Structures are given as C-alpha cells and as structure tokens.
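Heads up, model-v9.csv below (CSV, C-alpha atoms):
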chain,number,residue,atom,x,y,z
A,232,MET,CA,17.9,-7.6,-24.9
A,233,ASP,CA,14.6,-5.7,-25.1
A,234,HIS,CA,13.7,-4.7,-21.6
A,235,THR,CA,10.0,-5.6,-22.0
A,236,VAL,CA,11.0,-9.2,-22.9
A,237,PHE,CA,13.5,-9.3,-20.0
A,238,SER,CA,10.7,-8.1,-17.7
A,239,GLY,CA,8.8,-11.3,-18.8
A,240,ILE,CA,11.8,-13.5,-18.1
A,241,LEU,CA,12.3,-11.9,-14.6
A,242,PHE,CA,8.6,-12.4,-13.9
A,243,CYS,CA,9.2,-16.2,-14.5
A,244,VAL,CA,12.4,-16.3,-12.4
A,245,SER,CA,10.9,-14.5,-9.4
A,246,PHE,CA,7.8,-16.7,-9.6
A,247,LEU,CA,9.9,-19.8,-9.7
A,248,VAL,CA,12.2,-18.7,-6.8
A,249,THR,CA,9.3,-17.7,-4.6
A,250,PHE,CA,7.2,-20.8,-5.5
A,251,LEU,CA,10.1,-23.1,-4.5
A,252,VAL,CA,11.4,-21.2,-1.5
A,253,THR,CA,8.0,-20.6,0.3
A,254,PRO,CA,7.4,-24.3,1.2
A,255,LEU,CA,11.0,-24.7,2.3
A,256,LEU,CA,10.7,-21.6,4.5
A,257,ALA,CA,7.4,-22.9,5.9
A,258,ARG,CA,9.2,-26.2,6.9
A,259,VAL,CA,12.1,-24.3,8.6
A,260,ASN,CA,9.7,-22.0,10.5
A,261,LYS,CA,7.6,-24.9,11.6
A,262,LYS,CA,10.7,-26.6,13.0
A,263,LEU,CA,11.8,-23.4,14.7
A,264,GLY,CA,8.3,-22.9,16.1
A,265,VAL,CA,7.7,-19.6,14.2
A,266,MET,CA,4.0,-20.2,13.9
A,267,GLY,CA,0.9,-18.2,14.5
A,268,PRO,CA,-2.9,-19.0,14.9
A,269,ASP,CA,-5.2,-18.4,12.0
A,270,VAL,CA,-7.7,-16.4,14.0
A,271,HIS,CA,-10.4,-16.3,11.3
A,272,LYS,CA,-10.8,-20.1,11.3
A,273,VAL,CA,-13.1,-21.9,13.8
A,274,ASP,CA,-10.4,-24.5,14.7
A,275,LYS,CA,-7.6,-21.9,14.9
A,276,PRO,CA,-4.9,-23.9,13.1
A,277,ARG,CA,-1.3,-22.9,13.6
A,278,ILE,CA,0.4,-21.6,10.4
A,279,PRO,CA,4.1,-21.0,9.7
A,280,GLU,CA,4.8,-17.2,10.0
A,281,MET,CA,7.3,-15.0,8.2
A,282,CYS,CA,7.1,-16.9,4.9
A,283,GLY,CA,6.7,-13.6,3.0
A,284,LEU,CA,10.5,-13.5,3.1
A,285,ALA,CA,10.2,-15.8,0.1
A,286,VAL,CA,8.9,-12.8,-1.9
A,287,THR,CA,11.9,-10.8,-0.7
A,288,LEU,CA,14.3,-13.5,-1.8
A,289,GLY,CA,12.5,-13.8,-5.1
A,290,LEU,CA,12.9,-10.1,-5.6
A,291,ILE,CA,16.6,-10.0,-4.6
A,292,SER,CA,17.5,-12.9,-6.9
A,293,SER,CA,15.7,-11.2,-9.8
A,294,ALA,CA,17.3,-7.9,-9.1
A,295,ILE,CA,20.8,-9.5,-9.1
A,296,ILE,CA,20.0,-11.3,-12.4
A,297,ALA,CA,18.9,-7.9,-13.9
A,298,MET,CA,22.1,-6.2,-12.8
A,299,VAL,CA,24.3,-8.9,-14.2
A,300,ALA,CA,22.4,-9.8,-17.4
A,301,LEU,CA,21.4,-6.3,-18.5
A,302,GLN,CA,24.5,-4.5,-17.2
A,303,VAL,CA,22.2,-1.6,-16.3
A,304,GLU,CA,23.3,0.9,-13.7
A,305,ALA,CA,23.9,-0.8,-10.4
A,306,ARG,CA,22.9,2.1,-8.2
A,307,PRO,CA,19.1,1.8,-8.4
A,308,ILE,CA,19.2,-2.0,-8.0
A,309,VAL,CA,21.5,-1.8,-5.0
A,310,ALA,CA,19.2,0.9,-3.5
A,311,PHE,CA,16.2,-1.3,-4.1
A,312,VAL,CA,17.7,-4.5,-2.6
A,313,LEU,CA,18.9,-2.6,0.5
A,314,CYS,CA,15.5,-0.9,0.9
A,315,ILE,CA,13.5,-4.2,0.9
A,316,SER,CA,16.2,-5.9,3.0
A,317,ILE,CA,16.0,-3.2,5.7
A,318,ALA,CA,12.2,-3.4,5.7
A,319,ALA,CA,12.3,-7.2,6.0
A,320,ALA,CA,14.8,-6.9,8.9
A,321,VAL,CA,12.4,-4.6,10.7
A,322,GLY,CA,9.6,-7.0,10.0
A,323,ILE,CA,11.6,-10.0,11.3
A,324,ALA,CA,12.4,-8.0,14.5
A,325,ASP,CA,8.6,-7.4,14.9
A,326,ASP,CA,7.7,-11.0,14.2
A,327,LEU,CA,10.2,-12.4,16.7
A,328,GLY,CA,9.7,-10.0,19.6
A,329,PRO,CA,6.9,-7.4,19.0
A,330,LEU,CA,8.2,-3.9,18.5
A,331,ASN,CA,6.6,-0.9,20.1
A,332,SER,CA,3.8,0.6,17.9
A,333,ARG,CA,5.8,3.8,17.5
A,334,VAL,CA,9.2,2.2,17.0
A,335,LYS,CA,8.1,0.1,14.1
A,336,PRO,CA,7.0,2.9,11.7
A,337,ALA,CA,10.1,4.9,12.8
A,338,LEU,CA,12.4,2.0,12.0
A,339,THR,CA,10.6,1.5,8.6
A,340,THR,CA,11.8,5.0,7.6
A,341,LEU,CA,15.3,3.5,7.5
A,342,ALA,CA,14.3,1.5,4.5
A,343,ALA,CA,14.1,4.7,2.5
A,344,VAL,CA,17.6,5.8,3.4
A,345,PRO,CA,19.4,3.8,0.6
A,346,ILE,CA,17.0,5.4,-2.0
A,347,VAL,CA,17.8,8.9,-0.7
A,348,LEU,CA,21.5,8.4,-0.1
A,349,LEU,CA,22.2,6.7,-3.5
A,350,GLY,CA,20.1,9.4,-5.2
A,351,THR,CA,17.9,7.0,-7.1
A,352,TYR,CA,15.0,9.4,-7.4
A,353,SER,CA,14.1,12.3,-9.6
A,354,PRO,CA,12.9,15.5,-7.8
A,355,TYR,CA,10.7,16.3,-10.7
A,356,MET,CA,7.2,15.2,-9.8
A,357,ALA,CA,4.2,15.2,-12.1
A,358,ILE,CA,1.2,16.7,-10.3
A,359,PRO,CA,-2.3,17.1,-11.9
A,360,PHE,CA,-3.3,20.7,-12.8
A,361,LEU,CA,0.3,21.8,-12.0
A,362,GLY,CA,2.4,19.8,-14.4
A,363,THR,CA,5.9,18.7,-13.7
A,364,THR,CA,7.4,20.5,-10.7
A,365,ARG,CA,10.8,20.5,-9.1
A,366,LEU,CA,10.8,19.6,-5.4
A,367,THR,CA,14.6,19.5,-4.7
A,368,ILE,CA,14.4,19.9,-0.9
A,369,ILE,CA,10.9,18.4,-0.2
A,370,TYR,CA,11.2,15.3,-2.4
A,371,PRO,CA,13.8,13.4,-0.3
A,372,ILE,CA,11.6,14.0,2.8
A,373,LEU,CA,8.5,12.8,0.8
A,374,VAL,CA,10.4,9.6,-0.2
A,375,ILE,CA,11.2,8.8,3.4
A,376,VAL,CA,7.6,9.5,4.5
A,377,ALA,CA,6.0,7.7,1.5
A,378,ILE,CA,8.0,4.5,1.9
A,379,ALA,CA,7.3,4.3,5.6
A,380,VAL,CA,3.6,5.0,5.1
A,381,LEU,CA,3.1,2.6,2.2
A,382,ALA,CA,5.0,-0.2,4.0
A,383,ASN,CA,2.9,0.2,7.1
A,384,ALA,CA,-0.4,0.7,5.2
A,385,ILE,CA,0.2,-2.6,3.4
A,386,ASN,CA,1.0,-4.3,6.8
A,387,MET,CA,-2.3,-3.0,8.1
A,388,MET,CA,-4.3,-4.3,5.1
A,389,ASN,CA,-3.3,-7.9,5.8
A,390,PRO,CA,-5.8,-9.2,8.3
A,391,PHE,CA,-7.1,-12.1,6.1
A,392,ASN,CA,-5.6,-15.0,4.2
A,393,GLY,CA,-4.4,-13.7,0.8
A,394,ALA,CA,-5.3,-10.1,1.3
A,395,MET,CA,-1.8,-8.7,1.0
A,396,SER,CA,-0.6,-11.0,-1.8
A,397,GLY,CA,-3.9,-10.5,-3.8
A,398,THR,CA,-4.2,-6.7,-3.5
A,399,CYS,CA,-0.4,-6.1,-4.0
A,400,SER,CA,-0.4,-8.3,-7.1
A,401,VAL,CA,-3.0,-6.0,-8.5
A,402,LEU,CA,-0.9,-3.0,-7.5
A,403,SER,CA,2.2,-4.5,-9.2
A,404,LEU,CA,0.2,-5.1,-12.4
A,405,ALA,CA,-1.1,-1.5,-12.3
A,406,MET,CA,2.5,-0.3,-11.9
A,407,ILE,CA,3.5,-2.3,-15.0
A,408,VAL,CA,0.6,-0.9,-17.1
A,409,TYR,CA,1.4,2.7,-16.0
A,410,LEU,CA,5.1,2.3,-16.8
A,411,LEU,CA,4.2,0.6,-20.2
A,412,LEU,CA,2.0,3.6,-21.1
A,413,LEU,CA,4.7,6.0,-20.1
A,414,GLY,CA,7.2,4.1,-22.3
A,415,ARG,CA,9.5,3.4,-19.3
A,416,SER,CA,10.5,-0.2,-20.1
A,417,THR,CA,13.6,-0.2,-17.9
A,418,GLU,CA,11.6,0.7,-14.8
A,419,MET,CA,9.2,-2.1,-15.6
A,420,ILE,CA,11.7,-4.8,-14.8
A,421,LEU,CA,11.4,-4.8,-11.0
A,422,PRO,CA,7.6,-4.4,-10.9
A,423,SER,CA,7.4,-7.5,-13.1
A,424,ALA,CA,9.6,-9.4,-10.7
A,425,LEU,CA,7.4,-8.3,-7.8
A,426,LEU,CA,4.3,-9.4,-9.6
A,427,GLY,CA,5.9,-12.9,-10.3
A,428,SER,CA,6.9,-13.3,-6.6
A,429,LEU,CA,3.5,-12.1,-5.3
A,430,LEU,CA,1.5,-14.5,-7.5
A,431,ALA,CA,3.7,-17.4,-6.5
A,432,PHE,CA,3.2,-16.5,-2.8
A,433,HIS,CA,-0.5,-16.0,-3.3
A,434,TRP,CA,-0.7,-19.7,-4.3
A,435,TYR,CA,0.2,-20.6,-0.7
A,436,ASN,CA,-1.2,-17.7,1.1
A,437,LYS,CA,-4.8,-17.7,-0.4
A,438,CYS,CA,-7.6,-18.9,1.8
A,439,PRO,CA,-7.2,-21.4,3.5
A,440,ALA,CA,-3.6,-20.2,4.0
A,441,LYS,CA,-0.8,-22.7,4.2
A,442,VAL,CA,1.7,-19.9,5.1
A,443,PHE,CA,1.5,-16.4,6.6
A,444,SER,CA,3.5,-13.5,5.2
A,445,GLY,CA,4.2,-12.0,8.6
A,446,ASN,CA,5.4,-8.5,9.2
A,447,ALA,CA,8.6,-9.4,7.5
A,448,GLY,CA,6.8,-10.1,4.2
A,449,ASP,CA,4.3,-7.2,4.5
A,450,LEU,CA,6.8,-4.5,5.3
A,451,SER,CA,9.2,-5.8,2.6
A,452,VAL,CA,6.5,-5.8,-0.1
A,453,GLY,CA,5.2,-2.4,1.0
A,454,ALA,CA,8.8,-0.9,0.9
A,455,ALA,CA,9.3,-2.5,-2.5
A,456,ILE,CA,6.1,-0.9,-3.9
A,457,GLY,CA,7.2,2.5,-2.3
A,458,ALA,CA,10.7,2.3,-3.8
A,459,LEU,CA,9.3,1.3,-7.3
A,460,VAL,CA,6.8,4.1,-7.2
A,461,VAL,CA,9.6,6.6,-6.5
A,462,MET,CA,12.0,5.1,-9.0
A,463,GLY,CA,9.3,4.8,-11.7
A,464,ARG,CA,8.1,8.4,-11.1
A,465,ILE,CA,4.4,7.3,-10.9
A,466,GLU,CA,3.6,8.8,-7.6
A,467,VAL,CA,0.1,10.3,-8.2
A,468,PRO,CA,-1.4,7.4,-10.2
A,469,MET,CA,-0.1,4.9,-7.6
A,470,LEU,CA,-1.5,7.1,-4.7
A,471,ILE,CA,-4.9,6.7,-6.4
A,472,ALA,CA,-4.4,3.0,-7.0
A,473,MET,CA,-3.6,2.6,-3.3
A,474,ILE,CA,-6.8,4.4,-2.0
A,475,PRO,CA,-8.1,1.2,-0.3
A,476,HIS,CA,-4.8,0.7,1.6
A,477,ILE,CA,-4.4,4.4,2.4
A,478,THR,CA,-8.0,5.0,3.6
A,479,ASN,CA,-7.9,1.7,5.6
A,480,ALA,CA,-4.7,2.9,7.4
A,481,PHE,CA,-6.3,6.4,7.9
A,482,TYR,CA,-9.6,5.1,9.2
A,483,LEU,CA,-7.8,2.7,11.6
A,484,LEU,CA,-5.3,5.3,12.9
A,485,SER,CA,-7.9,8.0,13.3
A,486,SER,CA,-10.4,5.8,15.1
A,487,VAL,CA,-7.9,4.5,17.6
A,488,GLY,CA,-6.3,7.9,18.0
A,489,GLY,CA,-2.8,7.2,16.7
A,490,LEU,CA,-0.4,4.4,16.3
A,491,ARG,CA,-1.5,1.2,18.1
A,492,GLU,CA,-0.6,-2.4,17.7
A,493,ARG,CA,-3.4,-5.0,17.2
A,494,ARG,CA,-2.7,-6.4,20.7
A,495,GLU,CA,-3.2,-2.9,22.2
A,496,MET,CA,-6.8,-2.8,20.8
A,497,PRO,CA,-9.2,-4.6,23.2
A,498,HIS,CA,-12.2,-3.7,21.0
A,499,ARG,CA,-12.2,-5.8,17.8
A,500,PRO,CA,-13.8,-4.5,14.5
A,501,THR,CA,-14.9,-8.0,13.4
A,502,ARG,CA,-15.8,-11.3,15.0
A,503,LEU,CA,-15.8,-14.9,13.9
A,504,LEU,CA,-19.2,-16.7,13.8
A,505,GLU,CA,-19.6,-20.4,14.6
A,506,ASP,CA,-20.3,-21.2,10.9
A,507,GLY,CA,-16.9,-19.8,9.9
A,508,ARG,CA,-18.2,-16.5,8.5
A,509,ILE,CA,-17.0,-13.2,9.8
A,510,GLU,CA,-19.2,-10.3,10.8
A,511,ALA,CA,-18.7,-6.6,11.8
A,512,THR,CA,-19.1,-5.8,15.4
A,513,GLU,CA,-21.4,-3.0,16.6
A,514,ASP,CA,-18.9,-1.9,19.3
A,515,GLY,CA,-18.7,1.9,19.2
A,516,LYS,CA,-15.2,1.8,20.5
A,517,ALA,CA,-13.9,-0.7,17.9
A,518,PRO,CA,-11.7,0.8,15.2
A,519,ILE,CA,-13.1,1.5,11.7
A,520,THR,CA,-11.3,-0.6,9.1
A,521,LEU,CA,-11.9,-1.5,5.5
A,522,SER,CA,-12.9,-5.0,6.5
A,523,ARG,CA,-15.5,-3.6,8.9
A,524,LEU,CA,-16.9,-1.4,6.2
A,525,ILE,CA,-17.1,-4.5,3.9
A,526,LEU,CA,-18.8,-6.5,6.5
A,527,SER,CA,-21.3,-3.8,7.6
A,528,GLU,CA,-23.9,-5.2,5.2
A,529,GLY,CA,-23.7,-8.7,6.7
A,530,ALA,CA,-21.4,-11.6,7.5
A,531,LEU,CA,-19.2,-13.1,4.7
A,532,ARG,CA,-16.6,-15.9,4.4
A,533,GLU,CA,-13.0,-14.9,4.6
A,534,SER,CA,-12.3,-15.6,0.9
A,535,GLU,CA,-15.3,-13.4,-0.1
A,536,ILE,CA,-13.9,-10.5,1.9
A,537,VAL,CA,-10.5,-10.8,0.2
A,538,ASN,CA,-12.2,-11.0,-3.2
A,539,ILE,CA,-14.0,-7.7,-2.4
A,540,MET,CA,-10.6,-6.1,-1.3
A,541,ILE,CA,-9.0,-7.3,-4.6
A,542,ALA,CA,-12.0,-5.9,-6.6
A,543,MET,CA,-11.7,-2.6,-4.8
A,544,THR,CA,-8.0,-2.4,-5.6
A,545,ILE,CA,-8.7,-3.2,-9.3
A,546,ALA,CA,-11.3,-0.3,-9.3
A,547,SER,CA,-8.8,2.1,-7.7
A,548,SER,CA,-6.0,1.0,-10.1
A,549,LEU,CA,-8.4,1.8,-13.0
A,550,LEU,CA,-9.0,5.3,-11.5
A,551,GLY,CA,-5.2,5.6,-11.2
A,552,LEU,CA,-5.0,4.8,-14.9
A,553,LEU,CA,-7.6,7.4,-15.7
A,554,THR,CA,-5.6,9.9,-13.6
A,555,LEU,CA,-2.5,9.1,-15.5
A,556,LEU,CA,-4.3,9.6,-18.8
A,557,LEU,CA,-5.7,12.9,-17.7
A,558,MET,CA,-2.2,14.1,-16.6
A,559,ARG,CA,-0.6,13.3,-20.0
A,560,PRO,CA,-0.1,16.4,-22.1
B,82,MET,CA,-22.5,-9.2,-3.0
B,83,SER,CA,-22.6,-7.1,-6.1
B,84,SER,CA,-24.6,-4.2,-4.5
B,85,ARG,CA,-22.1,-4.3,-1.6
B,86,LEU,CA,-19.2,-4.1,-4.0
B,87,ALA,CA,-20.9,-1.3,-6.0
B,88,SER,CA,-21.3,0.9,-2.9
B,89,LEU,CA,-17.7,0.3,-1.7
B,90,ILE,CA,-16.5,1.2,-5.2
B,91,ALA,CA,-18.7,4.3,-5.0
B,92,LEU,CA,-16.8,5.2,-1.8
B,93,ILE,CA,-13.5,4.8,-3.6
B,94,PHE,CA,-14.8,6.9,-6.5
B,95,PHE,CA,-15.8,9.7,-4.1
B,96,VAL,CA,-12.3,9.6,-2.5
B,97,TRP,CA,-10.8,9.9,-6.0
B,98,LEU,CA,-13.1,12.7,-7.0
B,99,SER,CA,-12.2,14.6,-3.8
B,100,ILE,CA,-8.5,14.2,-4.5
B,101,VAL,CA,-8.8,15.4,-8.0
B,102,PHE,CA,-11.1,18.3,-7.0
B,103,GLY,CA,-8.9,19.2,-4.0
B,104,LEU,CA,-5.8,19.3,-6.3
B,105,PHE,CA,-7.7,21.5,-8.7
B,106,ILE,CA,-8.6,23.9,-5.9
B,107,VAL,CA,-5.1,23.9,-4.5
B,108,PHE,CA,-3.2,24.4,-7.8
B,109,ARG,CA,-5.7,26.2,-10.0
B,110,VAL,CA,-7.4,28.5,-7.4
B,111,ILE,CA,-5.2,28.8,-4.2
B,112,PHE,CA,-1.8,28.9,-6.1
B,113,GLU,CA,-3.2,31.6,-8.4
B,114,ILE,CA,-4.0,34.0,-5.5
B,115,SER,CA,-2.4,37.4,-5.7
B,116,LEU,CA,-3.0,40.7,-3.9
B,117,PRO,CA,-4.1,43.8,-5.6
B,118,TRP,CA,-1.4,45.9,-3.9
B,119,GLN,CA,2.4,45.4,-3.9
B,120,ASN,CA,4.8,46.1,-1.0
B,121,ALA,CA,7.7,44.3,0.8
B,122,LEU,CA,5.3,42.0,2.7
B,123,THR,CA,3.1,41.0,-0.2
B,124,PRO,CA,5.1,37.9,-1.3
B,125,THR,CA,5.2,36.6,2.3
B,126,ILE,CA,1.5,37.2,2.9
B,127,VAL,CA,0.7,35.4,-0.4
B,128,SER,CA,2.9,32.4,0.3
B,129,VAL,CA,1.6,32.0,3.9
B,130,SER,CA,-2.0,32.3,2.7
B,131,ARG,CA,-1.4,29.6,0.1
B,132,VAL,CA,0.1,27.2,2.6
B,133,ILE,CA,-2.7,27.8,5.1
B,134,LEU,CA,-5.5,27.5,2.5
B,135,SER,CA,-3.9,24.4,1.1
B,136,ALA,CA,-3.7,22.9,4.6
B,137,VAL,CA,-7.4,23.7,5.1
B,138,VAL,CA,-8.2,21.8,1.9
B,139,GLY,CA,-6.1,18.9,3.2
B,140,VAL,CA,-7.8,18.8,6.6
B,141,THR,CA,-11.2,19.1,4.9
B,142,TRP,CA,-10.4,16.1,2.7
B,143,LEU,CA,-9.5,14.0,5.7
B,144,LEU,CA,-12.5,15.1,7.8
B,145,THR,CA,-14.8,14.4,4.8
B,146,TRP,CA,-13.4,10.8,4.4
B,147,TRP,CA,-13.7,10.2,8.1
B,148,LYS,CA,-17.3,11.4,8.3
B,149,LEU,CA,-18.2,9.5,5.2
B,150,ALA,CA,-16.8,6.2,6.5
B,151,ASN,CA,-18.6,6.7,9.8
B,152,VAL,CA,-21.9,7.5,8.2
B,153,TYR,CA,-21.5,4.5,5.8
B,154,LEU,CA,-20.6,2.1,8.6
B,155,TRP,CA,-23.4,2.9,11.1
B,156,ARG,CA,-26.1,3.3,8.4
B,157,LYS,CA,-25.3,-0.1,7.0
B,158,LEU,CA,-25.0,-1.7,10.4
B,159,LYS,CA,-28.4,-0.3,11.5
B,160,LYS,CA,-30.0,-1.3,8.2
B,161,HIS,CA,-28.7,-4.8,8.5
B,162,ASP,CA,-30.1,-5.1,12.0
Since I need it in another form, could you write the structure as structure tokens?
Amino acid sequence: MDHTVFSGILFCVSFLVTFLVTPLLARVNKKLGVMGPDVHKVDKPRIPEMCGLAVTLGLISSAIIAMVALQVEARPIVAFVLCISIAAAVGIADDLGPLNSRVKPALTTLAAVPIVLLGTYSPYMAIPFLGTTRLTIIYPILVIVAIAVLANAINMMNPFNGAMSGTCSVLSLAMIVYLLLLGRSTEMILPSALLGSLLAFHWYNKCPAKVFSGNAGDLSVGAAIGALVVMGRIEVPMLIAMIPHITNAFYLLSSVGGLRERREMPHRPTRLLEDGRIEATEDGKAPITLSRLILSEGALRESEIVNIMIAMTIASSLLGLLTLLLMRP
Amino acid sequence: MSSRLASLIALIFFVWLSIVFGLFIVFRVIFEISLPWQNALTPTIVSVSRVILSAVVGVTWLLTWWKLANVYLWRKLKKHD
C-alpha cells in the first residue's frame, strides 16, 4: 500500500483510539484520585491528571498496526515505542510522586537509549551553509541530549489548557509537510499518527479543559517528537519550528538560574485576576516565560494566550519550512 | 491582539535570523580560517581556534536572546502601566 495513503489511515486510527481512551482514562483517574486543580480558573476545579497517556496509547497502537500491516522494518518502530514508553514512565513517576528537578531531565535521557542502541538514526546531518556532514561520534550524544531537551521543553510549555496539544499538533503537521517535501513517505507514517492522537486529545484538553495531559503525556509527546525528528532526519527545520518551545525553556532556565520545579519557584510569572483573565506580574524575581512575554502588553483570557502560542508555532514552522527550502540543493 | 502577535512573531523572526546568520558565520567564516604559515602545531591551533570562536558565537546568540527578552518584557510592562 502507498505509504502516504497509509499515513492517512493511521491518522484516523490514532485519532479514534485517543478519542475513545481519553474519557475512559479520565474516569479511572477520577476514581483513583489522580486529579489536579486548574489554577487558571477562578473556581479552581479539580481535573483528572495524566490523561496524556491516551496519546501514548494511540501512538503505540498505530505503531503496532504499521509494523504488522506494512511489514516495514521492525527496528525503528520498536525503538520509537520504547522511547515514548520510557518517557511516559518517567512522567508517571513525576505525576505520582514529584521527582527532583535534576533527576527528571536525567531520567528523560533514558528515553533516547533505544534509538541509539537500536541504531535507528543516520549520522549524516544536513546543516545550512555546510551541507550534509558525517557526525559518527557526536550524533548519538546529540540524539540523547536532543530527546531529553525537547521532552522537557514541551513539558515546560504546558502551563495552560490546550497549550501542549495545540502547539504540538502544529509541530506534527510541520513534520509531515517537511517529510512530504523531502519525499520521505515512510517516515511520514508516525508523525501522521501523532497528529491524529494530538488532535483527538486537544478536543478534551482545550480551554476549559476536561482532562490534563500531566507530565506523563507531555514527556511522552516531547520524546515522540524528538525521536521522529531524528528518524526523519529533519533536525534543523524542526529546531527552527520549535523556537517558541526552546526559547521558553531557555528564558525560564536562565532566569531561575538552572533546573527548578514549579513548586520551587515562589515568585510567579503570571497571576489570575478576579474576572478570569491572566496578567503578567511585575515581580523582578519572577522567571521570564513565553506566557509572561505574551501577557506583558496586558491581561488576556487563557484561550487567547493559547491561541497566540499556536500562532507563534505556526510562524516558526513556516520559518522552518523556509529553512528547509534554503537548504535544498 | 494582532499588534501583540506581530511583535511576538518579530521576536521569533529575529531568533531565526540570528540562527541563520550565526550558522553562516560559523560554517562560512570560522570554519574557513587558516594560518599563513605551516608547522606541526598549525592544525591544532586552527582546530582549537575554530571551536573557541564557534563557542563565542553560540554564547553571543544566547546572550542576545536573553537581553532581547528582558528588554521586550520590561518595556512592554512599563508601557502598559
């Protein structure tokens, strides 16, 4: 079967799986008491946490279908499934009993191990102004660093309802477009499944959220994007597409002076107003974040902030596309 | 809302430009560096210089982004007041 058509089928499968599993997971987590307050609402409703695992399940089921139906090489799919499962396990551990702010990123590097050990990467990297270069020794180290950084950057970019699912849907679509332009139809299969899962999850996660993704969902999606970037060999265009995520992580880490958990930051970058809008604080000790930059011109509703984040990701994805076109011989 | 989005996208555009320009400086200028004389130490000196200069470009990138975000945030907050 044509891989482009199969990508469309897997998009539908993962959409359906995530769409059906998310409410079930929400019910189970509600019964188990795995709930968290929606801090950006005036009445602070309690919302089921860790429901982003539905995206992981949607991806795993699509990956297994791809392996069986297409009879493609099992190694990349096994590496991908192991990668997102390890990241999800780290996220579950963090959701259930918070991990130390240094331990979490360190554990996330484990998610890259299957990619490196199973050798599902190509050490030939296309770099603007240099062309394709062979990085035999450095590339596996870059894979480990990149997957850990991307997973945690996406985790940091999820302070509002629908921020992770919305911006990562744009990133998945960007990945599909880049791979389509490069004529890599086999590599398009898993990003299509990711897009399907994320759009289904966004239905429940968008403002006002009925479910939270949790660290489990955020880290798993981040690791999935990292793994797909490596396997699709679209490192530089995706680095550009992820400028909002990467700069947000950079601003946050550099303003608090290293790795810190949210609970370790007494000075907050934003505050909730009585009318339900959110505004940037003028506290000089509060971290600089993308949401604080967005709100520096005045208070906005949560959904408006997320729409701006999505629009910024669309803009950076277009710049990634421009970079890809400039890099083509 | 649209002017706010335009200035944020301008920020992203600046980061993109700095990445492209930085890569150009690293791969088309720094990586082309050579010394007019040749001896046993020349390859080592050239390689070390390339790494140090590339690192300087990297640090300059990060400092510029950091400064830009700070200036952007405090200017907008003051203006809003």
Can you list every residue of chain A that has an atom at most 8 Å from chain B, with its nearest atom pair and the distance in Å to one decimal, using only C-alpha atoms, ordered by chain then number, as a Markdown table?
| residue | atom | partner | partner_atom | distance |
| --- | --- | --- | --- | --- |
| A:Pro359 | CA | B:Leu104 | CA | 7.0 |
| A:Phe360 | CA | B:Phe105 | CA | 6.1 |
| A:Leu361 | CA | B:Phe108 | CA | 6.1 |
| A:Ile471 | CA | B:Trp97 | CA | 6.7 |
| A:Ile474 | CA | B:Ile93 | CA | 6.9 |
| A:Pro475 | CA | B:Ile93 | CA | 7.3 |
| A:Thr478 | CA | B:Trp146 | CA | 8.0 |
| A:Tyr482 | CA | B:Trp147 | CA | 6.6 |
| A:Glu513 | CA | B:Leu158 | CA | 7.3 |
| A:Ile519 | CA | B:Asn151 | CA | 7.8 |
| A:Arg523 | CA | B:Leu154 | CA | 7.7 |
| A:Leu524 | CA | B:Leu154 | CA | 5.6 |
| A:Ile525 | CA | B:Leu89 | CA | 7.4 |
| A:Ser527 | CA | B:Leu158 | CA | 5.1 |
| A:Glu528 | CA | B:Lys157 | CA | 5.6 |
| A:Gly529 | CA | B:His161 | CA | 6.6 |
| A:Ile539 | CA | B:Leu86 | CA | 6.5 |
| A:Ala542 | CA | B:Leu86 | CA | 7.9 |
| A:Met543 | CA | B:Ile90 | CA | 6.1 |
| A:Ala546 | CA | B:Ile90 | CA | 6.8 |
| A:Ser547 | CA | B:Ile93 | CA | 6.8 |
| A:Leu550 | CA | B:Trp97 | CA | 7.4 |
Only C-alpha atoms, please: the residues just picked out, written as an mmCIF file, in the frame of the given file.
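Final output, saved to again20.cif:
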data_model
loop_
_atom_site.group_PDB
_atom_site.id
_atom_site.type_symbol
_atom_site.label_atom_id
_atom_site.label_comp_id
_atom_site.auth_asym_id
_atom_site.auth_seq_id
_atom_site.Cartn_x
_atom_site.Cartn_y
_atom_site.Cartn_z
ATOM 1 C CA PRO A 359 -2.300 17.100 -11.900
ATOM 2 C CA PHE A 360 -3.300 20.700 -12.800
ATOM 3 C CA LEU A 361 0.300 21.800 -12.000
ATOM 4 C CA ILE A 471 -4.900 6.700 -6.400
ATOM 5 C CA ILE A 474 -6.800 4.400 -2.000
ATOM 6 C CA PRO A 475 -8.100 1.200 -0.300
ATOM 7 C CA THR A 478 -8.000 5.000 3.600
ATOM 8 C CA TYR A 482 -9.600 5.100 9.200
ATOM 9 C CA GLU A 513 -21.400 -3.000 16.600
ATOM 10 C CA ILE A 519 -13.100 1.500 11.700
ATOM 11 C CA ARG A 523 -15.500 -3.600 8.900
ATOM 12 C CA LEU A 524 -16.900 -1.400 6.200
ATOM 13 C CA ILE A 525 -17.100 -4.500 3.900
ATOM 14 C CA SER A 527 -21.300 -3.800 7.600
ATOM 15 C CA GLU A 528 -23.900 -5.200 5.200
ATOM 16 C CA GLY A 529 -23.700 -8.700 6.700
ATOM 17 C CA ILE A 539 -14.000 -7.700 -2.400
ATOM 18 C CA ALA A 542 -12.000 -5.900 -6.600
ATOM 19 C CA MET A 543 -11.700 -2.600 -4.800
ATOM 20 C CA ALA A 546 -11.300 -0.300 -9.300
ATOM 21 C CA SER A 547 -8.800 2.100 -7.700
ATOM 22 C CA LEU A 550 -9.000 5.300 -11.500
#
(request) For Ser115 of chain B, work out the shell of residues within 9 Å, counting all atoms listed in the file and skipping chain neighbours fewer than 5 positions away, then give it as a PyMOL selection string. (result) chain B and resi 123-124+127
(request) Would you kindly return, as a PyMOL selection string, each protein, DNA or RNA residue with an atom no farther than 12 Å from any atom of segment 273-275 of chain A, considering all atoms listed in the file and excluding same-chain residues fewer than 3 positions away? (result) chain A and resi 266-270+278+439-440+502-509+532-533
(request) Counting all atoms listed in the file, find the residues whose atoms lie at most 6 Å from (-15.0, -2.2, 17.4) (file coordinates) and write them out as a ChimeraX atom specification. (result) /A:498-500,512,514-518
(request) Using only C-alpha atoms, pick whichever of A:Gly362, A:Gly427, A:Pro279, A:Gly457 has the shortest atom-to-atom distance to Lys261 of chain A. (result)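 Distance minimum relative to Lys261 of chain A lands on A:Pro279.
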(message) I'd like the interatomic distance between atom CA of Ala342 of chain A and atom CA of Phe311 of chain A, to a tenth of an Å.
(response)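 Going from atom CA of Ala342 of chain A over to atom CA of Phe311 of chain A, I get 9.2 Å.
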